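S.K.: Can you keep this structure in mind? I'll have questions shortly.
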Amino acid sequence: MPRFNMSWIYGLVLVGLLVLYFTQGRESSSISTTVKYSDFKAMVEKGYAQEIVVNKYQNTVEMYVKPENIRDVFHQGVQQTGEKPSVMVEIGSVDKIEEFIEQEREAGKFAGKLSYDNSKDNDFFSSLVMNVLFFGGIIMLWMFIMRRMGGGGANLGGAGLFSVGKSKAQMYEKGGELGITFKDVAGQAGAKQEMQEIVDFLKNPQKYTDLGGKIPKGALLVGPPGTGKTLLAKAVAGEAGVPFFSMSGSDFVEMFVGVGASRVRDLFEKAKTKAPCIIFIDEIDAVGRARSKNPAMGGNDERENTLNALLTEMDGFGTNSGIITLAATNRADMLDSALLRAGRFDRQIHVDLPDLNERKEVFMVHLKPLKLDNTVDIDFLARQTPGFSGADIANVCNEAALIAARHNREAVGKQDFLDAVDRIIGGLEKKTKVMTEQEKKSIAIHEAGHATISWFTEFANPLVKVSIVPRGRALGAAWYLPEERVLQTKEAMLDEMCSLLGGRAAEELFIGHISTGAMNDLERTTKQAYGMVAYAGMSDKLPNLCYYNQQEYTFQKPYSETTAKIMDDEVLKMVNEQYERAKKILEEHKEGHAQLAQLLVEREVIFAEDVERIFGKRPWTSRSEELIEAQMRADAERMAEERAKELENKEVSGES
């Protein structure tokens with residue numbers, strides 16, 4: 001059922017007024033007309049009168065016509081005139097009309113009823129009252145509609161037609177209402193330290209002003225999606241305990257001209273009344289993109305007008321003392337340079353993807369609500385999720401809990417987390433996908449090629465497991481444990497390219513033909529090769545040159561067609577060299593590769609231990625493997641110390 005609201009009452013009142021207005025003073029739908037006194041006398045003398053009503057105060061007489069004479073008087077039938085049509089006549093003297101009616105009664109021309117109406121202008125006053133009520137109701141309804149359109153209703157929050165220029169920011173009187181502090185933000189120590197200074201300034205400004213310092217105007221949080229930029233802003237509001245305005249950059253954009261700029265001004269006007277306070281604009285790139293350098297392309301751009309208003313409010317002719325503007329974006333390279341300058345956003349705080357230790361902290365936060373068993377190792381999970389953001393890790397924990405519940409387990413275990421990571425990276429397992437034995441063998445040879453090349457190249461990432469179970473769009477996959485390097489060397493990138501080409505090389509060598517299964521490998525290889533040649537300056541013919549250009553409005557390449565041809569040749573040469581290298585390695589270890597492929601066909605999933613059993617220990621130990629082994633030794637030593645302390649405490653308690 002629809003919910004009741006005041007609009008129903010207004011509608012019912014209006015309908016009632018309309019009914020009263022159109023039916024007032026009428027007993028029926030019969031018509032009434034005014035005639036001359038002579039015509040009235042002629043009608044009475046002809047015997048048309050059925051009833052006569054005399055009004056002494058208004059000096060009027062109303063005569064109701066007999067049904068059989070209606071057509072003679074009105075020239076219409078009963079259906080058009082109604083059952084009791086009448087004629088109205090004004091008289092000069094009531095005594096005269098009474099004498100006339102008595103004469104006609106004695107003559108037998110009138111045998112009806114004679115009555116008197118003693119009301120004084122009742123029709124006039126009732127008509128006046130009804131008209132006032134009707135038009136008053138119309139005015140009240142119009143005022144109500146205008147209030148609704150203008151956002152005057154208490155339950156509309158200013159979202160009406162005439163309030164489109166008002167800010168849509170959600171305000172919290174105290175940032176602590178959000179219930180989020182820096183303790184809820186795992187990792188990001190550097191970002192939290194910079195944000196903590198803003199909180200300290202809001203809590204204790206005299207500490208800084210005594211030394212001549214000024215409150216920072218704003219801070220821009222920059223980083224990939226899911227790294228916790230919005231969470232950091234909420235934590236600042238929760239720690240500072242000051243009014244907090246939150247809105248998205250897209251909230252400024254509207255179809256009406258000038259609305260965005262109006263909302264910016266309204267937002268800062270509200271903030272001035274609540275200073276000191278914080279304004280947080282999420283996804284500021286929606287309004288902060290670089291303005292066009294070409295006047296013909298700019299025109300009257302609503303987005304640029306909004307940006308100009310934002311620039312003026314943040315640091316213009318007026319002052320906004322006590323207002324700190326926080327903003328977040330993952331596309332800082334697209335923002336206007338005037339927005340990024342000091343005085344508007346004094347700080348750019350980079351919120352990067354978490355490293356190994358930070359991933360541990362994030363896991364510890366998201367594992368708190370889960371029921372875990374003894375097999376879960378947080379250090380191992382952190383190592384298995386390189387490149388994952390905080391949002392990705394939260395998704396891993398949730399997926400693991402769902403997988404455990406799907407298998408009716410009482411607690412979430414290590415295998416559930418591994419399955420969750422595989423599910424997020426590779427997609428859902430397609431156990432029902434039908435493949436022929438030949439296709440299965442081809443996929444096994446392809447994936448065994450990747451595993452073999454990565455095992456015998458120095459800088460390739462350590463292998464974790466290889467699978468030929470279809471997942472998502474992939475028919476097979478190899479999982480690695482990437483080494484988190486800050487800098488990439490040319491040798492490491494070439495080894496990675498060689499490993500990517502190992503699947504295609506294995507197909508050509510051991511099957512005799514190639515397939516479309518290597519499309520993703522070729523795409524990644526080609527992109528990496530062009531990046532090495534065009535951006536990193538790692539080619540022989542174009543050394544130490546970078547053609548990267550981040551200008552948004554550039555309509556030509558920063559190099560000539562001749563250079564483009566050299567780039568293409570260098571990329572082709574680089575890829576072909578690594579392809580031949582991959583085939584050479586596979587030729588040297590073809591027996592081990594065949595065993596590995598056969599094992600994959602039989603078991604569908606193999607691990608690094610199986611590869612080590614076939615090929616022997618890896619010739620090179622990567623930094624990641626050294627760190628893993630060192631971490632495992634440290635964990636073992638820590639567990640031994642804890643065990644010793646427990647035994648010592650038990651002995652002490654037993655003695656006491």
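Each chain in the structure tokens gets a letter, A, B and so on, in the order shown; residues start at 1 in every chain, and ligands are counted from 1 in the order they appear.
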Could you write out, as a list in words, all the residues of stretch 440-509 of chain A that DSSP marks as strand (DSSP E)?

M.R.: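 Residues of stretch 440-509 of chain A classed as strand (DSSP E): Leu463, Val464, Lys465, Val466, Ser467, Ala477, Ala478, Trp479 and Tyr480 of chain A.
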
S.K.: Have a look at A:Ala478, A:Tyr64, A:Leu494, A:Lys56 and name the one nearest to A:Asp95; count only C-alpha atoms.

M.R.: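 The shortest atom-to-atom distance to A:Asp95 comes from A:Lys56.
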
S.K.: With 10 Å as the cut-off and only C-alpha atoms counted, what is the closest atom pair between each nearby residue of stretch 298-384 of chain A and stretch 280-293 of chain A? Distances in Å to one decimal, ordered by chain and number, as a Markdown table.

M.R.:
```
| residue | atom | partner | partner_atom | distance |
| --- | --- | --- | --- | --- |
| A:Gly298 | CA | A:Ser292 | CA | 5.7 |
| A:Gly299 | CA | A:Ser292 | CA | 9.4 |
| A:Asp301 | CA | A:Arg291 | CA | 9.5 |
| A:Glu302 | CA | A:Val287 | CA | 9.3 |
| A:Arg303 | CA | A:Val287 | CA | 5.7 |
| A:Glu304 | CA | A:Arg291 | CA | 6.5 |
| A:Asn305 | CA | A:Val287 | CA | 9.3 |
| A:Thr306 | CA | A:Val287 | CA | 6.8 |
| A:Leu307 | CA | A:Gly288 | CA | 5.8 |
| A:Asn308 | CA | A:Gly288 | CA | 9.2 |
| A:Leu310 | CA | A:Gly288 | CA | 8.7 |
| A:Leu311 | CA | A:Gly288 | CA | 9.4 |
| A:Ile324 | CA | A:Phe280 | CA | 8.5 |
| A:Thr325 | CA | A:Phe280 | CA | 6.0 |
| A:Leu326 | CA | A:Phe280 | CA | 4.6 |
| A:Ala327 | CA | A:Ile281 | CA | 4.7 |
| A:Ala328 | CA | A:Asp282 | CA | 5.0 |
| A:Thr329 | CA | A:Glu283 | CA | 4.8 |
| A:Asn330 | CA | A:Glu283 | CA | 7.7 |
| A:Arg331 | CA | A:Asp285 | CA | 6.7 |
| A:Ala332 | CA | A:Asp285 | CA | 7.5 |
| A:Asp333 | CA | A:Arg289 | CA | 8.9 |
| A:Met334 | CA | A:Arg289 | CA | 5.4 |
| A:Leu335 | CA | A:Arg289 | CA | 4.4 |
| A:Asp336 | CA | A:Ala290 | CA | 3.8 |
| A:Ser337 | CA | A:Ala290 | CA | 7.0 |
| A:Ala338 | CA | A:Ala290 | CA | 8.6 |
| A:Leu339 | CA | A:Gly288 | CA | 7.2 |
| A:Leu340 | CA | A:Gly288 | CA | 9.5 |
```

S.K.: So the first atom is atom CA of A:Lys565 and the second is atom CA of A:Ile514; what is the distance between them in Å, to one decimal place?

M.R.: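 For atom CA of A:Lys565 relative to atom CA of A:Ile514, the distance reads 27.5 Å.
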
S.K.: Run DSSP on the backbone and give me the residues of stretch 315-518 of chain A it puts in alpha helix (DSSP H), as a VMD selection string.

M.R.: chain A and resid 315 337 to 340 356 to 367 378 to 383 390 to 406 414 to 426 437 to 455 490 to 500 502 to 510

S.K.: Go through stretch 390-453 of chain A residue by residue and, counting only C-alpha atoms, keep those with an atom at most 9 Å from stretch 360-369 of chain A; for each kept residue give the shortest atom pair and its distance in Å to one decimal, ordered by chain and increasing number, as CSV.

M.R.:
```
residue,atom,partner,partner_atom,distance
A:Gly390,CA,A:Val362,CA,6.4
A:Ile393,CA,A:Phe363,CA,6.7
A:Ala394,CA,A:His366,CA,6.0
A:Cys397,CA,A:His366,CA,6.7
A:Asn398,CA,A:His366,CA,8.6
```

S.K.: If you keep N, CA and C atoms, can you produce a file of those selected residues as a PDB file, in the first residue's frame?

M.R.:
```pdb
ATOM      1  N   GLY A 390      43.864  -2.572  -0.151  1.00  0.00           N
ATOM      2  CA  GLY A 390      43.098  -2.888   1.053  1.00  0.00           C
ATOM      3  C   GLY A 390      41.715  -3.427   0.730  1.00  0.00           C
ATOM      4  N   ILE A 393      42.046  -7.061  -0.325  1.00  0.00           N
ATOM      5  CA  ILE A 393      42.267  -7.957   0.819  1.00  0.00           C
ATOM      6  C   ILE A 393      40.966  -8.178   1.580  1.00  0.00           C
ATOM      7  N   ALA A 394      40.170  -7.129   1.726  1.00  0.00           N
ATOM      8  CA  ALA A 394      38.865  -7.299   2.364  1.00  0.00           C
ATOM      9  C   ALA A 394      37.997  -8.262   1.571  1.00  0.00           C
ATOM     10  N   CYS A 397      39.172 -11.902   2.237  1.00  0.00           N
ATOM     11  CA  CYS A 397      38.677 -12.417   3.522  1.00  0.00           C
ATOM     12  C   CYS A 397      37.200 -12.796   3.424  1.00  0.00           C
ATOM     13  N   ASN A 398      36.429 -11.959   2.764  1.00  0.00           N
ATOM     14  CA  ASN A 398      35.004 -12.255   2.632  1.00  0.00           C
ATOM     15  C   ASN A 398      34.773 -13.496   1.758  1.00  0.00           C
TER      16      ASN A 398
END
```

S.K.: Which one of A:Glu358, A:Arg471, A:Glu313, A:Val412 sits closest to A:Lys371 if you count only C-alpha atoms?

M.R.: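 For A:Lys371, the nearest of the given residues is A:Val412.
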
S.K.: Atom CA of A:Asp377 and atom CA of A:Arg618, how far apart in Å?

M.R.: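 Between atom CA of A:Arg618 and atom CA of A:Asp377 the gap works out to 25.2 Å.
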
S.K.: Got a sec: who's within 12 Å of stretch 589-603 of chain A, counting only C-alpha atoms, leaving out chain neighbours fewer than 2 positions off, as a PyMOL selection string?

M.R.: chain A and resi 435-453+455-456+465-469+476-478+502-503+505-507+509-511+582-587+605-616

S.K.: Tell me which of A:Ser32, A:Leu221, A:Gly260, A:Val571 sits closest to A:Gln80, counting only C-alpha atoms.

M.R.: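 Between A:Ser32, A:Leu221, A:Gly260, A:Val571, the residue approaching A:Gln80 most closely is A:Ser32.
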
S.K.: State, in Å with one decimal place, the distance from atom CA of A:Lys183 to atom CA of A:Gln415.

M.R.: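 Going from atom CA of A:Lys183 over to atom CA of A:Gln415 covers 29.3 Å.
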
S.K.: With only C-alpha atoms as the atoms that count, which of A:Met247, A:Leu114, A:Met574, A:Ile323 lies nearest to A:Phe201?

M.R.: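 The shortest atom-to-atom distance to A:Phe201 comes from A:Ile323.
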
S.K.: Between A:Val421, A:Met171, A:Val222, A:Ala233, which residue has the minimum interatomic distance to A:Val185, considering only C-alpha atoms?

M.R.: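 Checking each of A:Val421, A:Met171, A:Val222, A:Ala233 against A:Val185, counting only C-alpha atoms, the winner is A:Ala233.
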
S.K.: Given the choices A:Asp39, A:Asp373, A:Glu62, A:Gly137, which gets closest to A:Leu12 if the distance is worked out from only C-alpha atoms?

M.R.: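 Between A:Asp39, A:Asp373, A:Glu62, A:Gly137, the residue approaching A:Leu12 most closely is A:Gly137.
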
S.K.: Please provide as number ranges by chain all residues within 6 Å of A:Glu51, with the sequence filter that same-chain residues fewer than 2 positions apart are discarded (counting only C-alpha atoms).

M.R.: A: 49, 63-64, 112-113

S.K.: Go ahead and save the residues from that selection, with C-alpha atoms, as a PDB file, in the first residue's frame.

M.R.:
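Contents of part-v4.pdb, freshly written:
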```
ATOM      1  CA  ALA A  49     -47.330  28.193 -13.172  1.00  0.00           C
ATOM      2  CA  MET A  63     -42.170  30.748 -10.805  1.00  0.00           C
ATOM      3  CA  TYR A  64     -41.734  26.962 -11.321  1.00  0.00           C
ATOM      4  CA  GLY A 112     -50.569  25.888  -7.401  1.00  0.00           C
ATOM      5  CA  LYS A 113     -48.796  26.751  -4.188  1.00  0.00           C
TER       6      LYS A 113
END
```

S.K.: Write out as a ChimeraX atom specification which residues come within 6 Å of A:Tyr48 when counting only C-alpha atoms, dropping same-chain ones fewer than 4 positions away.

M.R.: /A:43-44,65-66,69

S.K.: Take the residues that were just selected and, keeping all heavy atoms, output them as a compact mmCIF listing (two decimals), in the first residue's frame.

M.R.:
```txt
# COMPACT_ATOMS: atom_id res chain seq x y z
N MET A 43 -47.50 34.17 -18.70
CA MET A 43 -47.33 32.74 -18.38
C MET A 43 -48.32 32.30 -17.32
O MET A 43 -48.89 31.19 -17.40
CB MET A 43 -45.89 32.48 -17.90
CG MET A 43 -44.83 32.65 -18.98
SD MET A 43 -43.18 32.39 -18.32
CE MET A 43 -42.16 32.91 -19.69
N VAL A 44 -48.54 33.17 -16.31
CA VAL A 44 -49.49 32.80 -15.25
C VAL A 44 -50.91 32.75 -15.81
O VAL A 44 -51.70 31.84 -15.49
CB VAL A 44 -49.40 33.80 -14.08
CG1 VAL A 44 -50.47 33.50 -13.03
CG2 VAL A 44 -48.01 33.75 -13.45
N VAL A 65 -42.32 26.07 -13.50
CA VAL A 65 -43.18 25.77 -14.64
C VAL A 65 -43.67 24.33 -14.55
O VAL A 65 -42.92 23.43 -14.13
CB VAL A 65 -42.42 26.02 -15.96
CG1 VAL A 65 -43.31 25.72 -17.17
CG2 VAL A 65 -41.91 27.45 -16.01
N LYS A 66 -44.95 24.12 -14.94
CA LYS A 66 -45.50 22.77 -14.98
C LYS A 66 -44.74 21.93 -16.00
O LYS A 66 -44.32 22.45 -17.05
CB LYS A 66 -46.98 22.82 -15.36
CG LYS A 66 -47.87 23.49 -14.32
CD LYS A 66 -49.30 23.52 -14.80
CE LYS A 66 -50.22 24.19 -13.78
NZ LYS A 66 -51.62 24.24 -14.25
N ASN A 69 -45.79 22.13 -19.63
CA ASN A 69 -45.62 23.41 -20.32
C ASN A 69 -44.15 23.82 -20.47
O ASN A 69 -43.86 24.96 -20.86
CB ASN A 69 -46.38 24.51 -19.57
CG ASN A 69 -47.86 24.23 -19.45
OD1 ASN A 69 -48.41 24.11 -18.37
ND2 ASN A 69 -48.53 24.08 -20.61
```
